[in-house]
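Data from target-v4.txt: compact mmCIF, C-alpha atoms
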```txt
# COMPACT_ATOMS: atom_id res chain seq x y z
CA MET R 130 120.46 76.52 114.07
CA GLN R 131 117.15 75.05 115.16
CA THR R 132 114.17 75.13 112.82
CA LEU R 133 112.63 78.59 112.77
CA ASP R 134 108.92 79.22 112.86
CA ALA R 135 109.39 81.54 109.88
CA LEU R 136 112.13 82.75 107.57
CA VAL R 137 111.43 85.96 105.66
CA VAL R 138 113.34 86.30 102.40
CA GLY R 139 113.76 90.00 101.69
CA ALA R 140 114.37 93.00 103.96
CA GLY R 141 112.43 95.72 102.22
CA PRO R 142 109.58 97.38 104.13
CA ILE R 143 107.23 94.46 103.38
CA GLY R 144 109.67 91.80 104.53
CA LEU R 145 110.66 93.72 107.66
CA ALA R 146 107.06 94.57 108.57
CA THR R 147 106.10 90.92 108.16
CA ALA R 148 108.96 89.74 110.37
CA TRP R 149 108.06 92.37 112.97
CA ARG R 150 104.40 91.31 113.04
CA LEU R 151 105.38 87.64 113.30
CA ARG R 152 107.76 88.38 116.17
CA GLN R 153 105.00 90.32 117.94
CA ARG R 154 103.04 87.06 117.90
CA GLY R 155 105.86 85.25 119.67
CA LEU R 156 107.31 83.33 116.72
CA SER R 157 110.99 82.63 116.11
CA VAL R 158 111.86 84.57 112.96
CA ALA R 159 114.88 85.52 110.86
CA VAL R 160 115.23 87.77 107.81
CA ALA R 161 117.65 87.12 104.95
CA ASP R 162 118.78 89.86 102.55
CA PRO R 163 122.28 90.73 101.28
CA ALA R 164 121.47 94.45 100.87
CA ALA R 165 118.74 95.54 103.27
CA GLY R 166 117.39 98.95 102.37
CA TYR R 167 118.80 99.06 98.84
CA GLY R 168 115.92 97.57 96.89
CA ALA R 169 113.00 99.27 95.19
CA SER R 170 111.94 101.08 98.37
CA ARG R 171 115.11 103.18 98.32
CA THR R 172 114.08 104.61 94.96
CA ALA R 173 110.36 104.87 95.77
CA ALA R 174 108.74 108.23 96.49
CA GLY R 175 106.37 106.85 99.13
CA MET R 176 103.03 108.04 97.78
CA LEU R 177 100.10 106.45 99.60
CA ALA R 178 97.75 107.16 96.73
CA PRO R 179 94.86 104.73 96.24
CA VAL R 180 92.73 107.48 94.68
CA THR R 181 95.09 108.90 92.06
CA GLU R 182 96.72 105.49 91.38
CA LEU R 183 93.38 104.02 90.32
CA GLY R 184 93.45 102.42 86.87
CA TYR R 185 90.73 100.95 84.70
CA GLY R 186 90.00 97.34 85.58
CA GLU R 187 91.85 97.56 88.91
CA GLU R 188 88.87 97.58 91.28
CA ALA R 189 90.15 94.57 93.25
CA LEU R 190 93.54 96.22 93.68
CA LEU R 191 91.79 99.44 94.71
CA ALA R 192 90.10 97.63 97.59
CA LEU R 193 93.45 96.29 98.80
CA ASN R 194 95.09 99.71 98.47
CA LEU R 195 92.28 101.42 100.37
CA GLU R 196 92.36 98.91 103.20
CA SER R 197 96.12 99.28 103.59
CA ALA R 198 95.84 103.08 103.52
CA ARG R 199 93.18 102.84 106.25
CA ARG R 200 95.60 100.85 108.42
CA TYR R 201 98.54 103.21 108.00
CA PRO R 202 97.92 105.57 110.96
CA ALA R 203 97.63 102.69 113.44
CA PHE R 204 100.58 100.92 111.81
CA ILE R 205 102.77 104.01 112.22
CA ALA R 206 101.61 104.58 115.80
CA ASP R 207 102.48 100.97 116.64
CA LEU R 208 105.86 101.31 114.95
CA ALA R 209 106.60 104.50 116.89
CA GLU R 210 106.45 102.49 120.11
CA CYS R 211 109.30 100.30 118.82
CA SER R 212 111.45 102.85 116.99
CA PRO R 213 112.23 106.56 117.55
CA ILE R 214 112.59 107.23 113.81
CA ASP R 215 110.01 109.60 112.31
CA VAL R 216 108.75 108.01 109.06
CA GLY R 217 107.62 111.30 107.50
CA TYR R 218 103.92 110.52 107.29
CA ARG R 219 102.07 113.52 105.79
CA ARG R 220 98.31 113.77 105.24
CA SER R 221 98.24 116.94 103.15
CA GLY R 222 96.72 115.32 100.07
CA THR R 223 97.59 115.16 96.39
CA LEU R 224 96.99 117.56 93.51
CA ALA R 225 96.71 115.99 90.06
CA THR R 226 97.41 118.61 87.41
CA ALA R 227 97.01 118.80 83.63
CA TRP R 228 99.34 120.57 81.21
CA ASP R 229 96.96 121.06 78.30
CA ALA R 230 93.36 120.42 77.23
CA ALA R 231 94.03 116.80 76.27
CA ASP R 232 95.61 116.09 79.66
CA LEU R 233 92.67 117.77 81.38
CA ALA R 234 90.21 115.59 79.46
CA ALA R 235 92.10 112.50 80.68
CA LEU R 236 91.96 113.81 84.26
CA ARG R 237 88.22 114.34 83.98
CA ASP R 238 87.85 110.75 82.78
CA LEU R 239 89.87 109.64 85.82
CA HIS R 240 87.61 111.72 88.07
CA ASP R 241 84.53 110.04 86.56
CA LEU R 242 86.09 106.63 87.24
CA GLN R 243 86.91 107.61 90.82
CA VAL R 244 83.37 108.80 91.46
CA SER R 245 81.90 105.66 89.86
CA VAL R 246 83.61 103.46 92.48
CA GLY R 247 82.80 105.74 95.40
CA LEU R 248 86.07 107.64 95.77
CA GLU R 249 86.25 111.30 96.68
CA SER R 250 88.12 113.78 94.50
CA GLN R 251 87.41 117.38 93.55
CA LEU R 252 87.84 118.90 90.08
CA LEU R 253 89.65 122.25 90.17
CA THR R 254 90.17 125.13 87.77
CA GLY R 255 93.65 126.40 87.03
CA ARG R 256 93.09 129.35 89.36
CA GLU R 257 91.98 127.03 92.17
CA LEU R 258 95.09 124.90 91.65
CA ARG R 259 97.39 127.89 92.05
CA THR R 260 95.48 129.10 95.10
CA LEU R 261 96.33 125.80 96.77
CA GLU R 262 99.90 125.67 95.40
CA PRO R 263 101.17 129.09 94.24
CA GLY R 264 104.34 127.54 92.83
CA LEU R 265 102.44 125.86 90.00
CA ALA R 266 103.00 127.25 86.52
CA SER R 267 100.59 129.84 85.18
CA GLY R 268 98.30 128.68 82.41
CA LEU R 269 97.61 125.19 83.71
CA PRO R 270 94.01 124.45 82.68
CA GLY R 271 92.94 122.54 85.80
CA GLY R 272 93.26 119.38 87.82
CA LEU R 273 91.81 117.59 90.81
CA LEU R 274 92.39 117.33 94.54
CA ALA R 275 92.57 113.93 96.23
CA ALA R 276 92.61 114.83 99.92
CA ASP R 277 92.86 111.21 101.05
CA ASP R 278 96.10 110.45 99.18
CA HIS R 279 99.01 110.83 101.60
CA GLN R 280 102.75 110.12 101.70
CA VAL R 281 105.50 108.56 103.78
CA ASP R 282 109.29 108.61 103.42
CA PRO R 283 110.22 105.04 102.36
CA ARG R 284 113.83 105.33 103.50
CA ARG R 285 112.81 106.46 106.96
CA LEU R 286 110.09 103.81 107.02
CA HIS R 287 112.66 101.15 106.21
CA ASP R 288 115.04 102.40 108.90
CA ALA R 289 112.25 102.47 111.48
CA LEU R 290 111.16 98.93 110.62
CA LEU R 291 114.75 97.69 110.71
CA ALA R 292 115.16 99.21 114.18
CA ALA R 293 111.91 97.58 115.33
CA VAL R 294 112.94 94.21 113.94
CA ARG R 295 116.38 94.31 115.52
CA GLY R 296 114.95 95.61 118.76
CA SER R 297 112.62 92.63 118.95
CA GLY R 298 115.52 90.20 118.61
CA VAL R 299 115.00 89.13 114.99
CA PRO R 300 118.35 88.36 113.34
CA LEU R 301 119.14 89.87 109.93
CA ILE R 302 121.16 87.45 107.83
CA GLU R 303 123.09 89.57 105.33
CA LEU R 304 123.35 86.90 102.65
CA ALA R 305 121.27 86.11 99.59
CA VAL R 306 118.95 83.12 99.52
CA GLN R 307 120.24 81.10 96.58
CA ALA R 308 117.60 78.38 96.58
CA LEU R 309 114.67 76.93 98.47
CA GLU R 310 114.81 73.30 99.52
CA VAL R 311 111.75 71.22 98.63
CA ALA R 312 111.41 67.79 100.25
CA PRO R 313 109.31 66.24 98.83
CA ASP R 314 106.20 68.41 98.53
CA ARG R 315 106.87 71.30 100.90
CA VAL R 316 109.50 73.97 101.33
CA THR R 317 111.64 72.97 104.29
CA ALA R 318 114.64 75.28 104.20
CA ALA R 319 116.53 78.01 102.40
CA ILE R 320 120.07 77.65 101.08
CA LEU R 321 122.15 80.80 101.44
CA SER R 322 124.80 82.02 99.01
CA ASP R 323 127.56 80.63 101.26
CA GLY R 324 125.89 77.20 101.38
CA THR R 325 124.35 77.57 104.84
CA ARG R 326 121.02 75.81 105.28
CA ILE R 327 118.29 77.64 107.25
CA ALA R 328 115.36 75.40 108.17
CA ALA R 329 111.95 76.97 108.76
CA ALA R 330 108.40 75.72 109.20
CA THR R 331 107.25 78.55 106.89
CA THR R 332 109.22 80.57 104.37
CA VAL R 333 107.86 83.97 103.33
CA LEU R 334 109.07 85.08 99.91
CA ALA R 335 109.22 88.89 99.99
CA ALA R 336 112.21 89.45 97.73
CA GLY R 337 110.57 91.84 95.29
CA ALA R 338 111.93 91.71 91.76
CA GLN R 339 114.47 89.07 92.82
CA SER R 340 111.76 86.61 93.87
CA ALA R 341 111.67 84.65 90.59
CA ARG R 342 115.47 84.27 90.54
CA ILE R 343 115.54 82.07 93.63
CA GLU R 344 116.11 78.48 92.59
CA GLY R 345 114.56 75.23 93.76
CA LEU R 346 110.84 75.76 93.21
CA PRO R 347 108.93 73.73 90.62
CA PRO R 348 108.05 75.79 87.50
CA SER R 349 104.36 75.65 88.42
CA VAL R 350 105.09 77.40 91.73
CA ARG R 351 107.75 79.90 90.70
CA PRO R 352 106.37 83.45 91.11
CA ALA R 353 105.33 85.34 87.98
CA VAL R 354 107.37 88.42 88.86
CA ARG R 355 109.55 90.49 86.54
CA PRO R 356 111.71 93.59 87.12
CA VAL R 357 110.39 96.96 85.93
CA LYS R 358 113.10 99.60 86.06
CA GLY R 359 112.31 102.99 87.53
CA GLN R 360 114.36 106.15 88.10
CA THR R 361 113.69 108.94 90.57
CA LEU R 362 115.50 112.21 91.25
CA ARG R 363 116.12 113.94 94.56
CA LEU R 364 116.55 117.68 95.01
CA ARG R 365 116.76 119.81 98.14
CA ARG R 366 115.47 123.23 99.13
CA ALA R 367 117.71 125.61 101.07
CA GLU R 368 114.78 126.39 103.39
CA PRO R 369 112.76 123.27 104.34
CA GLY R 370 109.65 125.29 105.19
CA GLN R 371 109.37 126.60 101.62
CA SER R 372 108.40 123.23 100.13
CA GLU R 373 105.04 122.57 98.50
CA ASN R 374 102.48 121.22 100.94
CA ARG R 375 100.98 118.54 98.71
CA VAL R 376 102.17 115.86 96.37
CA ILE R 377 101.89 117.10 92.78
CA ARG R 378 100.99 114.46 90.19
CA GLY R 379 101.06 115.89 86.71
CA THR R 380 100.39 114.80 83.17
CA VAL R 381 102.49 116.69 80.63
CA LYS R 382 101.46 115.95 77.05
CA GLY R 383 100.28 112.51 78.09
CA THR R 384 103.37 111.65 80.15
CA PRO R 385 102.98 111.22 83.93
CA VAL R 386 105.32 112.87 86.41
CA TYR R 387 105.12 113.46 90.15
CA VAL R 388 106.78 115.76 92.66
CA VAL R 389 106.79 114.69 96.30
CA PRO R 390 107.87 117.32 98.87
CA ARG R 391 109.23 116.29 102.25
CA ALA R 392 108.97 118.34 105.42
CA ASP R 393 112.80 118.45 105.67
CA GLY R 394 113.15 120.16 102.27
CA GLU R 395 113.84 117.11 100.13
CA VAL R 396 111.87 116.90 96.89
CA VAL R 397 111.48 113.61 94.99
CA ILE R 398 110.69 113.62 91.26
CA GLY R 399 109.62 110.49 89.45
CA ALA R 400 109.32 108.15 87.88
CA SER R 401 110.28 106.32 84.74
CA SER R 402 109.06 102.83 83.85
CA GLU R 403 111.19 100.61 81.63
CA GLU R 404 111.24 96.93 80.73
CA ALA R 405 115.03 96.62 80.96
CA GLY R 406 115.61 93.40 82.89
CA PHE R 407 117.90 93.77 85.88
CA ASP R 408 119.84 96.73 84.44
CA LEU R 409 120.18 99.36 87.17
CA ARG R 410 122.21 101.92 85.22
CA PRO R 411 120.58 105.37 85.20
CA ARG R 412 119.97 106.94 81.79
CA ALA R 413 120.64 110.61 81.12
CA GLY R 414 117.63 110.93 78.83
CA VAL R 415 115.31 109.80 81.61
CA VAL R 416 116.81 112.36 84.01
CA TYR R 417 116.25 115.07 81.40
CA ASP R 418 112.66 114.03 80.73
CA LEU R 419 111.76 113.94 84.42
CA LEU R 420 113.30 117.35 85.14
CA ARG R 421 111.74 118.91 82.04
CA ASP R 422 108.23 117.73 82.86
CA ALA R 423 108.48 118.50 86.58
CA MET R 424 109.74 122.02 85.88
CA ALA R 425 106.97 122.56 83.34
CA LEU R 426 104.55 122.20 86.25
CA LEU R 427 106.70 123.78 88.98
CA PRO R 428 109.22 126.18 87.40
CA GLY R 429 110.79 126.97 90.77
CA LEU R 430 112.31 123.48 90.95
CA GLY R 431 115.15 124.81 88.81
CA GLU R 432 116.48 126.73 91.82
CA LEU R 433 116.84 123.65 94.02
CA THR R 434 120.08 121.82 94.81
CA TRP R 435 120.69 118.57 92.94
CA MET R 436 121.16 115.60 95.29
CA GLU R 437 120.92 112.26 93.48
CA VAL R 438 119.42 110.01 90.85
CA SER R 439 118.40 106.56 92.04
CA THR R 440 117.33 103.48 90.13
CA GLY R 441 115.26 100.56 91.40
CA LEU R 442 113.42 97.51 90.16
CA ARG R 443 109.70 97.31 90.80
CA PRO R 444 108.38 93.74 91.06
CA GLY R 445 105.82 93.62 88.25
CA THR R 446 103.19 90.94 87.63
CA PRO R 447 101.00 90.31 84.55
CA ASP R 448 98.03 92.14 86.10
CA ASN R 449 99.99 94.71 88.17
CA ALA R 450 98.61 93.22 91.41
CA PRO R 451 100.62 91.45 94.12
CA LEU R 452 101.11 87.76 94.74
CA LEU R 453 99.79 87.53 98.28
CA GLY R 454 98.99 84.28 100.06
CA ALA R 455 99.93 80.63 100.36
CA ALA R 456 101.75 79.07 97.42
CA ASP R 457 100.66 75.80 95.82
CA ILE R 458 103.25 74.02 97.93
CA ASP R 459 103.25 73.65 101.70
CA GLY R 460 105.53 75.79 103.83
CA LEU R 461 105.69 78.76 101.44
CA ILE R 462 103.85 82.10 101.43
CA PHE R 463 104.24 84.77 98.78
CA ALA R 464 104.39 88.48 99.64
CA THR R 465 105.79 89.87 96.41
CA GLY R 466 104.85 91.45 93.09
CA HIS R 467 103.55 94.71 94.59
CA PHE R 468 104.78 96.68 91.53
CA ARG R 469 104.26 100.43 92.18
CA ASN R 470 102.34 99.98 95.46
CA GLY R 471 104.84 98.24 97.72
CA VAL R 472 105.12 101.04 100.28
CA LEU R 473 101.36 101.60 100.33
CA LEU R 474 100.62 97.89 100.75
CA THR R 475 103.13 97.26 103.55
CA PRO R 476 100.64 97.27 106.49
CA ILE R 477 98.00 95.02 104.92
CA THR R 478 100.59 92.61 103.49
CA ALA R 479 102.30 92.16 106.85
CA ASP R 480 98.97 91.59 108.60
CA VAL R 481 97.74 89.10 105.99
CA VAL R 482 100.95 87.07 106.00
CA ALA R 483 101.23 87.03 109.79
CA GLY R 484 97.64 85.85 110.00
CA LEU R 485 98.28 83.05 107.52
CA VAL R 486 101.37 81.84 109.39
CA VAL R 487 99.67 81.66 112.78
CA GLY R 488 96.24 80.61 111.51
CA GLU R 489 94.43 83.81 112.49
CA ALA R 490 91.43 85.11 110.60
CA VAL R 491 92.40 88.31 108.81
CA ASP R 492 90.11 91.34 109.09
CA THR R 493 89.74 92.30 105.44
CA GLY R 494 87.83 95.52 105.97
CA ALA R 495 84.69 94.22 104.29
CA GLY R 496 83.14 97.66 104.34
CA SER R 497 85.77 99.11 102.03
CA ILE R 498 84.96 100.19 98.51
CA ALA R 499 84.46 97.31 96.05
CA GLY R 500 84.99 94.81 98.89
CA LEU R 501 88.27 93.03 99.57
CA ASP R 502 88.59 89.51 98.24
CA LEU R 503 92.09 88.25 99.04
CA ASP R 504 91.55 85.32 96.70
CA ARG R 505 91.99 87.79 93.83
CA PHE R 506 95.68 88.00 94.78
CA ARG R 507 96.36 84.27 95.19
CA PRO R 508 99.79 83.35 93.77
CA SER R 509 98.36 80.41 91.82
CA ARG R 510 96.47 82.69 89.42
CA PHE R 511 99.68 82.71 87.36
CA THR R 512 102.48 80.32 86.60
CA ALA R 513 105.97 81.39 85.62
CA VAL R 514 107.17 79.67 82.48
CA GLY R 515 110.55 80.52 81.07
CA GLY R 516 110.69 83.62 83.25
CA ARG R 517 107.37 85.02 81.96
CA GLY R 518 104.11 85.14 83.84
CA GLU R 519 101.20 83.38 82.14
CA SER R 520 97.65 82.88 83.28
CA ALA R 521 97.13 79.63 85.10
CA PRO R 522 94.58 77.32 83.50
```
Would you mind giving the structure from this file in structure tokens?
Amino acid sequence: MQTLDALVVGAGPIGLATAWRLRQRGLSVAVADPAAGYGASRTAAGMLAPVTELGYGEEALLALNLESARRYPAFIADLAECSPIDVGYRRSGTLATAWDAADLAALRDLHDLQVSVGLESQLLTGRELRTLEPGLASGLPGGLLAADDHQVDPRRLHDALLAAVRGSGVPLIELAVQALEVAPDRVTAAILSDGTRIAAATTVLAAGAQSARIEGLPPSVRPAVRPVKGQTLRLRRAEPGQSENRVIRGTVKGTPVYVVPRADGEVVIGASSEEAGFDLRPRAGVVYDLLRDAMALLPGLGELTWMEVSTGLRPGTPDNAPLLGAADIDGLIFATGHFRNGVLLTPITADVVAGLVVGEAVDTGAGSIAGLDLDRFRPSRFTAVGGRGESAP
């Protein structure tokens, strides 16, 4: 095989979207992944929630999340021209609910933080909550409405991107990348699990939680990514039209839970967060906890049909923000470490990486809240030593 312009390692939504954007620019591209569609995105609920996902000290990440959310409608419209698959994009907003007075106090603190950085959310009484979503339990003390937090179906999004990639002539190599070849100070090729060598001018590492397991990189370049285990549940309504309209994000005695309704009647409940290495076995106690807390907020969930429990590995980093940009070695770009925001950050990540590969200036949406400084996500801000991320000196 001749040297490719770009090899994308990883066929989740981010890897596929990146390959698709690169192919749109006329580059020769291939994607390598032994199990396309069975990574973290298969477990993800698909909340596009920059407002309710805001955490203290995450203003830089907020700017990236907001810019990617802003790009989503155009991204989906563009994708629809290349794939007939409906990705389930819904703009009905998110309700954040509290179970008791302590949870409500925490929500009010979150609202104050949102307002302080210019976000829009509306505090609601318990009665106002149930007016918007009658299925909510009686006695809930209040919550808030984030009208600008939306959702997409990650499985449908993946299928649509895969169709677009294949339709544009990009080959999907269904093998794992075992190692990257460095000679002497740049990445020149990838070595597949069967020993095949794939040469590329640029390699894009978008392998999620598996990114740090790929061999060949110097320790100072290896990505500071670790797996964070998460479980989600899927239920189904007998009548699709009877689903809640909005995403419900609840806090039950300090524990977060969310319920994401799909237009087709599917309901996703999530999600746990465990530091359990690469263990993908579901745990019964987690299933119980998720169902208990979700049904405390929406008692009617007990009447739904059980469909599945799924387990995935979020790619975590020391500061919960992605590794996005050129590595400290030529020929390598990182697009990994998106933790709980991989689906949300798919459009902006693909645009940034494609721009870096072809040398285009990237529109960073300078007018967005808190500004968008891509340097805050540079991979070199951490080094991976012994499998742990540590701050770079």
Considering all atoms listed in the file, give me a table of residues in stretch 256-311 of chain R that are at most 8 Å from stretch 135-159 of chain R, with the closest atom pair and distance in Å for each, as a tab-separated table.
```
residue	atom	partner	partner_atom	distance
R:Pro283	CA	R:Pro142	CA	7.9
R:Leu286	CA	R:Pro142	CA	7.1
R:His287	CA	R:Pro142	CA	5.3
R:Leu290	CA	R:Leu145	CA	6.0
R:Leu291	CA	R:Leu145	CA	6.5
R:Ala293	CA	R:Trp149	CA	6.9
R:Val294	CA	R:Trp149	CA	5.3
R:Ser297	CA	R:Arg152	CA	7.0
R:Val299	CA	R:Ala159	CA	5.5
R:Pro300	CA	R:Ala159	CA	5.1
R:Leu301	CA	R:Ala159	CA	6.2
R:Ile302	CA	R:Ala159	CA	7.2
R:Val306	CA	R:Val138	CA	7.1
```
Exercise: stretch 208-216 of chain R partners within 7 Å, all atoms listed in the file, chain neighbours under 4 positions left out, as an NGL selection string: :R and (204 or 281-282 or 285-286 or 289 or 292-293)
Mind dumping a table of every stretch 399-439 of chain R residue within 10 Å of stretch 224-238 of chain R, with the nearest atom pair and its distance in Å to one decimal, using all atoms listed in the file, sorted by chain and rising number, as JSON lines?
```
{"residue": "R:Asp422", "atom": "CA", "partner": "R:Trp228", "partner_atom": "CA", "distance": 9.5}
{"residue": "R:Ala425", "atom": "CA", "partner": "R:Trp228", "partner_atom": "CA", "distance": 8.2}
{"residue": "R:Leu426", "atom": "CA", "partner": "R:Trp228", "partner_atom": "CA", "distance": 7.4}
```
Using C-alpha atoms, can you export the residues from the last selection as a compact mmCIF listing (two decimals), in the coordinates of the input?
```
# COMPACT_ATOMS: atom_id res chain seq x y z
CA ASP R 422 108.23 117.73 82.86
CA ALA R 425 106.97 122.56 83.34
CA LEU R 426 104.55 122.20 86.25
```
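Taking atom CA of R:Gly345 and atom CA of R:Ala161 as the two end points, the separation is 16.6 Å.
Atom to atom, atom CA of R:Ala308 and atom CA of R:Gly484 stand 25.2 Å apart.
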Could you jot down the atom CA of R:Pro313 to atom CA of R:Ala483 separation for me, Å, one decimal place? 24.9 Å
Give me, as a Markdown table, the closest atom pair and its distance (Å, one decimal) for every residue of stretch 144-254 of chain R within a cut-off of 8 Å of stretch 428-445 of chain R, counting all atoms listed in the file, rows sorted by chain and rising number.
```
| residue | atom | partner | partner_atom | distance |
| --- | --- | --- | --- | --- |
| R:Gly168 | CA | R:Gly441 | CA | 6.3 |
| R:Ala169 | CA | R:Gly441 | CA | 4.6 |
| R:Ser170 | CA | R:Gly441 | CA | 7.7 |
| R:Arg171 | CA | R:Gly441 | CA | 7.4 |
| R:Thr172 | CA | R:Gly441 | CA | 5.5 |
| R:Ala173 | CA | R:Gly441 | CA | 7.9 |
```
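Residue nearest R:Tyr185 within the list R:His240, R:Arg375, R:Arg220, R:Arg363: R:His240 [criterion: smallest interatomic distance, all atoms listed in the file].
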Polymer residues at most 12 Å from R:Pro347, only C-alpha atoms, same-chain spacing of 3 or more positions, as a short mmCIF file (atom, residue, chain, number, x, y, z; two decimals) with C-alpha atoms, in the frame of the given file:
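The new file result-v3.cif reads:
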```cif
data_model
loop_
_atom_site.label_atom_id
_atom_site.label_comp_id
_atom_site.auth_asym_id
_atom_site.auth_seq_id
_atom_site.Cartn_x
_atom_site.Cartn_y
_atom_site.Cartn_z
CA ALA R 308 117.60 78.38 96.58
CA LEU R 309 114.67 76.93 98.47
CA GLU R 310 114.81 73.30 99.52
CA VAL R 311 111.75 71.22 98.63
CA ALA R 312 111.41 67.79 100.25
CA PRO R 313 109.31 66.24 98.83
CA ASP R 314 106.20 68.41 98.53
CA ARG R 315 106.87 71.30 100.90
CA VAL R 316 109.50 73.97 101.33
CA ALA R 341 111.67 84.65 90.59
CA ILE R 343 115.54 82.07 93.63
CA GLU R 344 116.11 78.48 92.59
CA VAL R 350 105.09 77.40 91.73
CA ARG R 351 107.75 79.90 90.70
CA PRO R 352 106.37 83.45 91.11
CA ALA R 456 101.75 79.07 97.42
CA ASP R 457 100.66 75.80 95.82
CA ILE R 458 103.25 74.02 97.93
CA THR R 512 102.48 80.32 86.60
CA ALA R 513 105.97 81.39 85.62
CA VAL R 514 107.17 79.67 82.48
CA GLY R 515 110.55 80.52 81.07
#
```
Starting from the point (101.7, 106.7, 99.0), work out which residues of protein, DNA or RNA have an atom no more than 7 Å away when counting only C-alpha atoms; state them as a PyMOL selection string. chain R and resi 175-178+278-281+472-473
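Residue nearest R:Ser221 within the list R:Leu133, R:Leu321, R:Leu191, R:Val389: R:Val389 [criterion: smallest interatomic distance, all atoms listed in the file].
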